[in-house]
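Quick look at protein_7.txt (compact mmCIF, C-alpha atoms (C1' of nucleotides)):
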# COMPACT_ATOMS: atom_id res chain seq x y z
CA MET F 1 15.67 2.83 -26.76
CA ASN F 2 16.83 6.39 -27.09
CA VAL F 3 16.98 9.21 -24.57
CA GLN F 4 13.60 10.66 -25.39
CA LEU F 5 11.92 7.35 -24.71
CA LEU F 6 13.70 6.89 -21.44
CA ASN F 7 12.53 10.34 -20.46
CA LYS F 8 8.93 9.53 -21.21
CA LYS F 9 9.02 6.26 -19.38
CA GLU F 10 10.61 7.92 -16.40
CA ALA F 11 8.12 10.76 -16.54
CA ILE F 12 5.35 8.18 -16.32
CA PHE F 13 7.13 6.51 -13.40
CA GLU F 14 7.58 9.75 -11.51
CA SER F 15 4.02 10.86 -12.11
CA THR F 16 2.68 7.53 -10.94
CA LEU F 17 4.84 7.70 -7.84
CA LYS F 18 3.57 11.13 -6.95
CA LEU F 19 -0.08 10.48 -7.66
CA VAL F 20 -0.22 7.08 -6.01
CA ASN F 21 1.20 8.70 -2.89
CA GLU F 22 -1.55 11.25 -2.93
CA TYR F 23 -4.55 9.18 -4.01
CA GLY F 24 -3.59 5.53 -3.69
CA PHE F 25 -3.28 2.82 -6.32
CA HIS F 26 -6.86 2.82 -7.45
CA GLY F 27 -7.56 6.43 -6.71
CA THR F 28 -5.18 7.32 -9.51
CA PRO F 29 -6.67 7.01 -13.02
CA MET F 30 -4.42 6.33 -15.96
CA SER F 31 -5.73 9.51 -17.55
CA GLN F 32 -4.43 11.52 -14.60
CA ILE F 33 -1.03 9.86 -14.73
CA ALA F 34 -0.86 10.67 -18.43
CA ALA F 35 -1.86 14.28 -17.90
CA HIS F 36 0.71 14.74 -15.14
CA ALA F 37 3.44 13.19 -17.28
CA ASN F 38 2.45 15.29 -20.32
CA VAL F 39 1.71 12.34 -22.53
CA ALA F 40 -1.47 10.96 -24.03
CA THR F 41 -3.31 8.20 -22.21
CA GLY F 42 -2.55 5.77 -25.01
CA THR F 43 1.18 6.39 -24.73
CA ILE F 44 1.33 4.69 -21.34
CA TYR F 45 0.13 1.52 -23.06
CA HIS F 46 3.06 1.69 -25.41
CA TYR F 47 5.39 1.18 -22.48
CA PHE F 48 3.25 -0.90 -20.17
CA SER F 49 0.66 -3.49 -21.09
CA SER F 50 -1.65 -2.58 -18.21
CA LYS F 51 -1.97 -0.51 -15.08
CA ASP F 52 -0.92 -3.45 -12.96
CA GLU F 53 2.23 -3.90 -14.98
CA LEU F 54 3.01 -0.22 -14.58
CA ILE F 55 2.72 -0.55 -10.80
CA LEU F 56 4.84 -3.69 -10.77
CA GLU F 57 7.56 -2.14 -12.93
CA LEU F 58 7.54 0.99 -10.81
CA PHE F 59 8.03 -1.13 -7.72
CA LYS F 60 11.09 -2.82 -9.21
CA TYR F 61 12.39 0.56 -10.35
CA CYS F 62 12.06 1.98 -6.83
CA ARG F 63 13.70 -1.00 -5.21
CA GLU F 64 16.65 -0.91 -7.58
CA LYS F 65 17.19 2.79 -7.08
CA THR F 66 17.13 2.29 -3.32
CA ASN F 67 19.63 -0.55 -3.42
CA GLU F 68 22.01 1.43 -5.57
CA HIS F 69 22.19 3.99 -2.82
CA ILE F 70 22.59 1.92 0.31
CA PHE F 71 25.25 -0.58 -0.75
CA SER F 72 27.85 1.93 -1.85
CA PHE F 73 30.50 1.63 0.85
CA GLU F 74 34.16 0.77 1.13
CA GLU F 75 34.53 -2.96 1.65
CA ASP F 76 37.45 -2.58 4.06
CA LEU F 77 35.64 -0.53 6.69
CA PRO F 78 35.35 -2.11 10.14
CA TYR F 79 32.21 -4.20 10.48
CA LYS F 80 30.56 -1.95 13.01
CA GLU F 81 31.01 1.06 10.78
CA LYS F 82 29.47 -0.74 7.82
CA PHE F 83 26.60 -1.78 10.08
CA PHE F 84 25.90 1.82 10.97
CA TYR F 85 26.60 3.10 7.47
CA ILE F 86 24.15 0.92 5.59
CA TRP F 87 21.39 1.62 8.10
CA ASN F 88 21.92 5.36 7.97
CA ARG F 89 22.08 5.38 4.19
CA LEU F 90 18.78 3.55 4.03
CA VAL F 91 17.06 5.92 6.44
CA GLU F 92 18.51 8.99 4.75
CA TYR F 93 17.49 7.78 1.33
CA TYR F 94 13.95 7.05 2.40
CA VAL F 95 13.56 10.36 4.22
CA ALA F 96 14.90 12.21 1.19
CA HIS F 97 12.73 10.16 -1.18
CA ARG F 98 9.69 9.66 0.95
CA GLU F 99 7.43 9.12 -2.05
CA THR F 100 9.55 6.13 -2.97
CA PHE F 101 9.38 4.94 0.61
CA TRP F 102 5.61 5.20 0.90
CA PHE F 103 5.06 3.66 -2.49
CA ILE F 104 7.12 0.64 -1.48
CA GLU F 105 5.31 0.41 1.86
CA GLN F 106 1.96 0.62 0.13
CA PHE F 107 3.01 -2.01 -2.34
CA TYR F 108 4.30 -4.45 0.28
CA SER F 109 1.13 -4.26 2.33
CA SER F 110 -1.21 -4.57 -0.64
CA PRO F 111 -2.27 -7.67 -2.57
CA TYR F 112 0.15 -6.60 -5.32
CA TYR F 113 3.06 -8.04 -3.43
CA GLU F 114 1.55 -11.51 -3.63
CA LEU F 115 2.01 -11.30 -7.40
CA ILE F 116 5.79 -11.19 -7.21
CA LYS F 117 6.47 -12.88 -3.85
CA GLN F 118 6.75 -16.37 -5.29
CA LYS F 119 9.30 -15.43 -7.93
CA LYS F 120 12.48 -17.27 -7.03
CA THR F 121 14.66 -14.61 -8.61
CA THR F 122 16.88 -13.97 -5.61
CA TYR F 123 16.28 -10.36 -4.80
CA TYR F 124 19.53 -8.42 -4.78
CA GLY F 125 18.94 -6.40 -1.61
CA VAL F 126 17.96 -9.32 0.58
CA ASP F 127 20.92 -11.33 -0.67
CA LYS F 128 23.31 -8.53 0.14
CA MET F 129 21.92 -8.21 3.65
CA HIS F 130 22.09 -11.95 4.13
CA LEU F 131 25.77 -12.04 3.28
CA PHE F 132 26.45 -9.01 5.40
CA PHE F 133 24.84 -10.48 8.52
CA GLU F 134 26.47 -13.85 7.93
CA GLU F 135 29.83 -12.12 7.84
CA GLY F 136 29.09 -10.54 11.21
CA ILE F 137 28.02 -13.80 12.80
CA LYS F 138 30.95 -15.84 11.44
CA SER F 139 33.47 -13.32 12.70
CA GLY F 140 31.84 -13.41 16.12
CA ILE F 141 30.83 -9.77 16.08
CA LEU F 142 27.09 -10.38 15.90
CA ARG F 143 25.10 -12.73 18.10
CA ASN F 144 24.28 -15.98 16.40
CA VAL F 145 20.59 -15.45 15.69
CA SER F 146 18.55 -16.17 12.59
CA PHE F 147 18.74 -13.93 9.55
CA TYR F 148 15.08 -13.07 9.79
CA THR F 149 15.50 -11.92 13.37
CA LEU F 150 18.30 -9.58 12.38
CA ILE F 151 16.45 -8.24 9.38
CA SER F 152 13.35 -7.60 11.50
CA VAL F 153 15.20 -5.38 13.95
CA TYR F 154 17.40 -3.69 11.39
CA ILE F 155 14.83 -2.94 8.71
CA GLY F 156 11.82 -2.81 10.99
CA ALA F 157 13.32 -0.08 13.13
CA ALA F 158 14.48 1.82 10.05
CA THR F 159 11.08 1.88 8.40
CA SER F 160 9.31 2.73 11.66
CA HIS F 161 11.68 5.61 12.14
CA VAL F 162 11.09 6.90 8.62
CA LYS F 163 7.36 6.70 9.23
CA MET F 164 7.67 8.77 12.40
CA VAL F 165 9.76 11.35 10.61
CA THR F 166 7.56 11.65 7.53
CA TYR F 167 4.42 11.78 9.66
CA GLY F 168 6.01 14.71 11.46
CA PHE F 169 5.88 13.01 14.85
CA CYS F 170 9.60 12.81 15.42
CA LYS F 171 11.07 16.28 15.81
CA MET F 172 14.74 15.59 16.38
CA GLN F 173 15.62 13.45 13.43
CA ALA F 174 19.39 13.27 13.77
CA LYS F 175 19.36 12.49 17.48
CA GLY F 176 16.60 9.93 17.10
CA ARG F 177 18.49 8.24 14.32
CA GLU F 178 21.68 7.96 16.35
CA GLU F 179 19.84 6.65 19.40
CA LEU F 180 18.08 4.09 17.30
CA ILE F 181 20.98 2.51 15.44
CA GLU F 182 22.97 2.45 18.66
CA ILE F 183 20.16 0.57 20.41
CA ILE F 184 20.05 -1.93 17.57
CA TRP F 185 23.80 -2.38 17.71
CA ASN F 186 23.69 -2.93 21.48
CA GLY F 187 21.01 -5.53 20.93
CA VAL F 188 22.67 -7.59 18.24
CA LYS F 189 26.38 -7.37 19.06
CA ASN F 190 28.02 -10.19 20.98
CA GLN F 191 28.30 -9.71 24.78
CA MET A 1 -29.25 -1.04 18.42
CA ASN A 2 -30.22 -4.63 19.02
CA VAL A 3 -28.24 -7.82 18.69
CA GLN A 4 -29.32 -8.54 15.16
CA LEU A 5 -28.03 -5.18 14.03
CA LEU A 6 -24.75 -5.61 15.79
CA ASN A 7 -24.39 -8.91 14.01
CA LYS A 8 -25.03 -7.32 10.65
CA LYS A 9 -22.63 -4.49 11.25
CA GLU A 10 -19.98 -6.92 12.39
CA ALA A 11 -20.68 -9.18 9.45
CA ILE A 12 -20.03 -6.21 7.19
CA PHE A 13 -16.82 -5.45 9.08
CA GLU A 14 -15.56 -8.99 8.87
CA SER A 15 -16.42 -9.30 5.20
CA THR A 16 -14.67 -6.05 4.41
CA LEU A 17 -11.63 -7.17 6.35
CA LYS A 18 -11.41 -10.41 4.46
CA LEU A 19 -12.05 -8.99 1.02
CA VAL A 20 -9.80 -5.96 1.40
CA ASN A 21 -7.01 -8.34 2.35
CA GLU A 22 -7.56 -10.29 -0.81
CA TYR A 23 -8.29 -7.55 -3.33
CA GLY A 24 -7.26 -4.25 -1.75
CA PHE A 25 -9.37 -1.23 -0.84
CA HIS A 26 -10.58 -0.37 -4.29
CA GLY A 27 -10.48 -3.86 -5.66
CA THR A 28 -13.36 -4.67 -3.34
CA PRO A 29 -16.78 -3.49 -4.55
CA MET A 30 -19.53 -2.71 -2.09
CA SER A 31 -21.70 -5.27 -3.85
CA GLN A 32 -19.14 -7.97 -3.09
CA ILE A 33 -18.91 -6.96 0.55
CA ALA A 34 -22.68 -7.10 0.77
CA ALA A 35 -22.84 -10.51 -0.86
CA HIS A 36 -20.16 -11.92 1.43
CA ALA A 37 -21.94 -10.52 4.50
CA ASN A 38 -25.31 -11.83 3.31
CA VAL A 39 -26.95 -8.43 3.22
CA ALA A 40 -28.20 -6.24 0.43
CA THR A 41 -25.97 -3.57 -1.03
CA GLY A 42 -28.24 -0.86 0.27
CA THR A 43 -28.05 -2.19 3.81
CA ILE A 44 -24.41 -1.19 4.10
CA TYR A 45 -25.54 2.39 3.57
CA HIS A 46 -27.84 2.07 6.51
CA TYR A 47 -24.80 1.66 8.77
CA PHE A 48 -22.17 3.67 6.90
CA SER A 49 -22.62 6.78 4.87
CA SER A 50 -20.00 5.82 2.30
CA LYS A 51 -17.34 3.32 1.48
CA ASP A 52 -14.67 5.59 2.92
CA GLU A 53 -16.53 5.81 6.21
CA LEU A 54 -16.81 2.04 6.30
CA ILE A 55 -13.05 1.73 5.87
CA LEU A 56 -12.39 4.36 8.52
CA GLU A 57 -14.75 2.75 11.02
CA LEU A 58 -13.26 -0.64 10.34
CA PHE A 59 -9.83 0.75 11.04
CA LYS A 60 -10.93 2.09 14.43
CA TYR A 61 -12.66 -1.21 15.15
CA CYS A 62 -9.48 -3.16 14.40
CA ARG A 63 -7.31 -0.88 16.47
CA GLU A 64 -9.62 -1.09 19.47
CA LYS A 65 -9.81 -4.85 19.32
CA THR A 66 -6.03 -5.05 19.15
CA ASN A 67 -5.55 -2.76 22.14
CA GLU A 68 -8.01 -4.72 24.23
CA HIS A 69 -5.80 -7.74 23.79
CA ILE A 70 -2.34 -6.39 24.43
CA PHE A 71 -2.87 -4.28 27.54
CA SER A 72 -4.38 -6.99 29.68
CA PHE A 73 -1.65 -7.71 32.20
CA GLU A 74 -1.15 -7.64 35.95
CA GLU A 75 0.07 -4.20 36.95
CA ASP A 76 2.39 -5.56 39.63
CA LEU A 77 4.56 -7.68 37.35
CA PRO A 78 8.25 -6.73 37.21
CA TYR A 79 8.94 -4.18 34.50
CA LYS A 80 10.98 -6.49 32.33
CA GLU A 81 8.22 -9.06 32.32
CA LYS A 82 5.64 -6.50 31.30
CA PHE A 83 8.02 -5.35 28.56
CA PHE A 84 8.20 -8.89 27.19
CA TYR A 85 4.55 -9.60 27.81
CA ILE A 86 3.08 -6.69 25.87
CA TRP A 87 5.36 -7.31 22.91
CA ASN A 88 4.54 -10.98 22.79
CA ARG A 89 0.82 -10.35 23.11
CA LEU A 90 0.99 -7.94 20.21
CA VAL A 91 2.87 -10.34 17.97
CA GLU A 92 0.65 -13.26 18.92
CA TYR A 93 -2.49 -11.26 18.30
CA TYR A 94 -1.34 -10.10 14.90
CA VAL A 95 -0.20 -13.55 13.83
CA ALA A 96 -3.50 -15.03 14.96
CA HIS A 97 -5.47 -12.22 13.32
CA ARG A 98 -3.33 -11.56 10.30
CA GLU A 99 -6.19 -10.06 8.35
CA THR A 100 -6.50 -7.39 11.00
CA PHE A 101 -2.77 -6.87 10.89
CA TRP A 102 -2.57 -6.48 7.13
CA PHE A 103 -5.62 -4.27 7.03
CA ILE A 104 -4.04 -1.91 9.55
CA GLU A 105 -0.75 -1.98 7.66
CA GLN A 106 -2.52 -1.24 4.41
CA PHE A 107 -4.44 1.57 6.03
CA TYR A 108 -1.41 3.19 7.61
CA SER A 109 0.54 3.24 4.38
CA SER A 110 -2.35 4.51 2.28
CA PRO A 111 -3.68 8.04 1.86
CA TYR A 112 -6.56 7.06 4.17
CA TYR A 113 -4.39 7.57 7.20
CA GLU A 114 -3.95 11.23 6.36
CA LEU A 115 -7.68 11.63 6.95
CA ILE A 116 -7.47 10.77 10.65
CA LYS A 117 -3.85 11.66 11.45
CA GLN A 118 -4.58 15.24 12.44
CA LYS A 119 -7.33 14.33 14.88
CA LYS A 120 -6.05 15.35 18.27
CA THR A 121 -8.05 12.65 20.02
CA THR A 122 -5.17 11.11 21.93
CA TYR A 123 -5.10 7.60 20.67
CA TYR A 124 -5.43 5.13 23.51
CA GLY A 125 -2.71 2.69 22.43
CA VAL A 126 -0.01 5.28 21.89
CA ASP A 127 -0.81 6.90 25.22
CA LYS A 128 -0.52 3.59 27.03
CA MET A 129 2.84 2.91 25.44
CA HIS A 130 4.03 6.40 26.27
CA LEU A 131 3.26 5.95 29.93
CA PHE A 132 4.78 2.50 29.96
CA PHE A 133 8.09 3.64 28.48
CA GLU A 134 8.16 6.68 30.75
CA GLU A 135 7.80 4.42 33.74
CA GLY A 136 10.80 2.40 32.56
CA ILE A 137 12.96 5.44 32.03
CA LYS A 138 12.05 7.10 35.33
CA SER A 139 12.84 3.98 37.29
CA GLY A 140 16.20 3.75 35.54
CA ILE A 141 15.46 0.43 33.88
CA LEU A 142 15.34 1.75 30.32
CA ARG A 143 17.92 3.99 28.71
CA ASN A 144 16.86 7.60 28.58
CA VAL A 145 16.01 7.92 24.89
CA SER A 146 13.08 9.55 23.18
CA PHE A 147 9.68 7.91 23.10
CA TYR A 148 9.72 7.74 19.32
CA THR A 149 13.00 5.90 19.36
CA LEU A 150 11.62 3.29 21.73
CA ILE A 151 8.40 2.90 19.80
CA SER A 152 10.33 2.49 16.54
CA VAL A 153 12.34 -0.46 17.84
CA TYR A 154 9.53 -2.04 19.82
CA ILE A 155 6.73 -1.79 17.29
CA GLY A 156 8.91 -1.76 14.19
CA ALA A 157 10.52 -5.08 15.06
CA ALA A 158 7.15 -6.56 16.01
CA THR A 159 5.48 -5.67 12.73
CA SER A 160 8.49 -6.77 10.70
CA HIS A 161 8.46 -10.08 12.46
CA VAL A 162 4.75 -10.56 11.83
CA LYS A 163 5.33 -9.79 8.17
CA MET A 164 8.08 -12.40 7.94
CA VAL A 165 5.84 -14.96 9.60
CA THR A 166 2.74 -14.28 7.55
CA TYR A 167 4.75 -14.20 4.32
CA GLY A 168 5.98 -17.64 5.27
CA PHE A 169 9.65 -16.61 5.29
CA CYS A 170 10.29 -17.23 8.94
CA LYS A 171 10.06 -20.93 9.71
CA MET A 172 10.79 -21.07 13.42
CA GLN A 173 8.29 -18.62 14.83
CA ALA A 174 8.71 -19.21 18.55
CA LYS A 175 12.50 -19.14 18.48
CA GLY A 176 12.57 -16.07 16.28
CA ARG A 177 10.17 -14.29 18.58
CA GLU A 178 12.27 -14.99 21.66
CA GLU A 179 15.47 -13.95 19.95
CA LEU A 180 13.88 -10.75 18.77
CA ILE A 181 12.39 -9.44 22.00
CA GLU A 182 15.60 -10.34 23.82
CA ILE A 183 17.62 -8.32 21.32
CA ILE A 184 15.31 -5.36 21.80
CA TRP A 185 15.58 -5.67 25.55
CA ASN A 186 19.38 -5.80 25.34
CA GLY A 187 19.31 -2.70 23.24
CA VAL A 188 17.06 -0.53 25.36
CA LYS A 189 17.87 -1.59 28.93
CA ASN A 190 20.31 0.47 30.94
CA GLN A 191 23.93 -0.80 30.91
C1' DT E 1 -49.30 4.67 12.88
C1' DG E 2 -44.52 5.33 12.80
C1' DC E 3 -39.95 4.15 12.72
C1' DA E 4 -35.92 1.34 12.09
C1' DC E 5 -34.32 -2.05 9.20
C1' DC E 6 -33.69 -4.10 4.91
C1' DC E 7 -33.92 -5.03 0.00
C1' DG E 8 -31.86 -4.97 -4.89
C1' DA E 9 -32.75 -3.00 -9.36
C1' DA E 10 -31.69 1.38 -11.49
C1' DT E 11 -28.64 5.32 -12.26
C1' DG E 12 -24.99 7.82 -13.83
C1' DA E 13 -20.33 8.83 -13.49
C1' DA E 14 -15.64 7.14 -13.78
C1' DC E 15 -12.27 4.37 -15.42
C1' DG E 16 -9.07 0.94 -17.96
C1' DT E 17 -8.23 -0.20 -22.36
C1' DT E 18 -8.54 -0.11 -27.48
C1' DC E 19 -7.84 1.63 -31.92
C1' DA E 20 -7.61 4.13 -36.21
C1' DA E 21 -5.06 7.80 -37.59
C1' DT E 22 -0.79 10.82 -37.52
C1' DT E 23 3.89 12.02 -36.89
C1' DG E 24 8.80 11.35 -36.78
C1' DC E 25 12.81 8.80 -37.52
C1' DT E 26 16.02 5.58 -39.72
C1' DA E 27 18.06 3.30 -43.31
C1' DA E 28 17.85 1.07 -47.55
C1' DA E 29 17.21 2.08 -52.56
C1' DT E 30 17.61 4.99 -56.29
C1' DA O 1 21.17 13.81 -52.34
C1' DT O 2 16.59 12.40 -52.61
C1' DT O 3 13.10 9.27 -52.31
C1' DT O 4 10.76 5.67 -50.18
C1' DA O 5 9.39 2.13 -47.21
C1' DG O 6 8.58 0.75 -42.70
C1' DC O 7 8.46 0.76 -38.05
C1' DA O 8 8.32 3.02 -33.48
C1' DA O 9 6.18 6.53 -31.00
C1' DT O 10 2.21 9.20 -30.08
C1' DT O 11 -2.36 10.84 -29.92
C1' DG O 12 -7.07 11.28 -27.68
C1' DA O 13 -11.76 10.14 -28.72
C1' DA O 14 -14.67 6.17 -28.20
C1' DC O 15 -16.10 1.81 -26.01
C1' DG O 16 -17.80 -1.15 -22.75
C1' DT O 17 -17.62 -2.26 -18.18
C1' DT O 18 -17.66 -1.64 -13.39
C1' DC O 19 -18.90 0.38 -9.34
C1' DA O 20 -20.52 3.64 -5.51
C1' DT O 21 -24.57 5.42 -4.40
C1' DT O 22 -29.66 6.28 -4.63
C1' DC O 23 -34.32 5.30 -4.16
C1' DG O 24 -38.92 3.55 -3.96
C1' DG O 25 -40.87 0.03 -1.82
C1' DG O 26 -41.26 -3.73 1.60
C1' DT O 27 -41.26 -5.97 6.39
C1' DG O 28 -41.84 -6.30 11.29
C1' DC O 29 -41.99 -4.42 15.68
C1' DA O 30 -43.41 -0.76 19.33
Could you express the structure from this file as structure tokens?
Amino acid sequence: MNVQLLNKKEAIFESTLKLVNEYGFHGTPMSQIAAHANVATGTIYHYFSSKDELILELFKYCREKTNEHIFSFEEDLPYKEKFFYIWNRLVEYYVAHRETFWFIEQFYSSPYYELIKQKKTTYYGVDKMHLFFEEGIKSGILRNVSFYTLISVYIGAATSHVKMVTYGFCKMQAKGREELIEIIWNGVKNQ
Amino acid sequence: MNVQLLNKKEAIFESTLKLVNEYGFHGTPMSQIAAHANVATGTIYHYFSSKDELILELFKYCREKTNEHIFSFEEDLPYKEKFFYIWNRLVEYYVAHRETFWFIEQFYSSPYYELIKQKKTTYYGVDKMHLFFEEGIKSGILRNVSFYTLISVYIGAATSHVKMVTYGFCKMQAKGREELIEIIWNGVKNQ
DNA sequence: TGCACCCGAATGAACGTTCAATTGCTAAAT
DNA sequence: ATTTAGCAATTGAACGTTCATTCGGGTGCA
């Protein structure tokens, strides 16, 4: 697949991302996606077998791009710093790419997610987080609670914060972000 | 509006709730909603002027029902107990009414929410939470951080936990719930 | 008699997908 | 170097279906 093709596929991805944000999954006709991406309607079907497949592929694409960004730290940092770093990178990425964020949110809370939930293919991001939290527990830095508890606070607070910011509710982003990750740290650290 | 009518309107609500969970907003035809509610298609238009209005009304209906359940505590309980109580009530309600939960989630992350976001009508639930957190800060029990920070941890962790549970990821519900609210409390309490 | 409630077939627009035709590119054959 | 064959990429009009909404008529109660 040459550069031109990659460009077209990505143009379709980006157009879908933008339009789905504005009009929702089913409020976005294929014809509109095509027009926005400057391709013919039929061209989309050269790259994707159906609208559903397009949405699914776009979801994977968004998730991969997000992961690339948040797990890019020096391995020898102190644990606490990594804990703060990953969280901040995630929030920053989502705030800077809010269309990606909202697309993922929309996807997760729609029936689409059921289609890929069962797939046993260990999802990179979750695995990484699992290892990271395990490391913290084994070294006695984090309280010994279940992985799903940790993930709920860590990711739950992050996404809620991004929602507040993108809704325009939360004025002081930087301060709010610092307060938040510090609260989480206080909650999960030992003692 | 007599009882029979209330029943029909509620039947339409409940059918919409169920079907939207299964097929999404636009994957659910009005005809199917009508069939599931045992009314004629045209009858829905006697109660709602359009599909969008139905969805909007259902959203309000769900939010009201949820609020009724979580703010039903004795005012003279110690603050910490109220803090735990409200959170647990919310989680329990959502787990027991997961269709309501997922509908609200779907709504919030869809373009629908934009339609009602601007409305200045102070939303009951948020107001209640605002007052509750303010009380905690003024009495020195909670750390003095912004409302949006507190809401992000409190609600963010709750919804994440409900997602884990309803996805079937989180096996030990009760234990996970206790761990989680305790972590939040540790994070937001003073000292 | 009037009004609220209810019905479900009919309407017409919108949409996902298909397809026959065209272009552009690559590489083998001459 | 030129031709040729073949496949990938692209097009957008056409197709058939689906769906939100309408409407003319019906029922029962005040």
Exercise for the section: Find the residues in chain F near chain O: any atom within 8 Å counts, using only C-alpha atoms (C1' of nucleotides). Write them as a VMD selection string. Expected result: chain F and resid 40 to 43
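Residue nearest Ala35 (chain A), chosen from A:Ala11, A:Glu53, A:Leu115, A:Asn190 and counting all atoms listed in the file: A:Ala11.
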Practice task
Kindly determine which residues of chain E lie within 7 Å of chain A, considering only C-alpha atoms (C1' of nucleotides), and give the answer as an MDAnalysis selection string.
Solution key: chainID E and resid 6:8
Kindly provide, as lines of an AutoDock Vina configuration file, the centre and edge lengths (Å, one decimal) of an axis-aligned box around all atoms of region 2-20 of chain E given in the file, with 8 Å on each side.
center_x = -26.1
center_y = 1.9
center_z = -11.7
size_x = 52.9
size_y = 29.9
size_z = 65.0
Exercise for the section: Report as JSON, numbers by chain the set of chain A residues whose atoms approach chain F to within 6 Å, with distances computed over only C-alpha atoms. Expected result: {"A": [26, 106, 109, 149, 152, 153, 156, 157, 160, 161, 176, 180, 183, 184, 186, 187, 188]}
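You will find CA of Asn67 (chain A) at 26.4 Å from CA of Gly140 (chain A).
Separating CA of Lys82 (chain F) from CA of Leu142 (chain F) is a distance of 12.8 Å.
For the pair CA of Arg89 (chain F) and CA of Tyr113 (chain A), the interatomic distance is 26.7 Å.
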Handout entry: Polymer residues at most 9 Å from (5.8, 0.9, 25.2) by only C-alpha atoms (C1' of nucleotides), as a ChimeraX atom specification
Key = /A:83,86-87,126-134,147,150-151,154-155
Problem - Minimum-distance residue to Ala37 (chain F), chosen among F:Glu75, F:Glu14, F:Asp52, F:Glu68 (using all atoms listed in the file) - result: F:Glu14
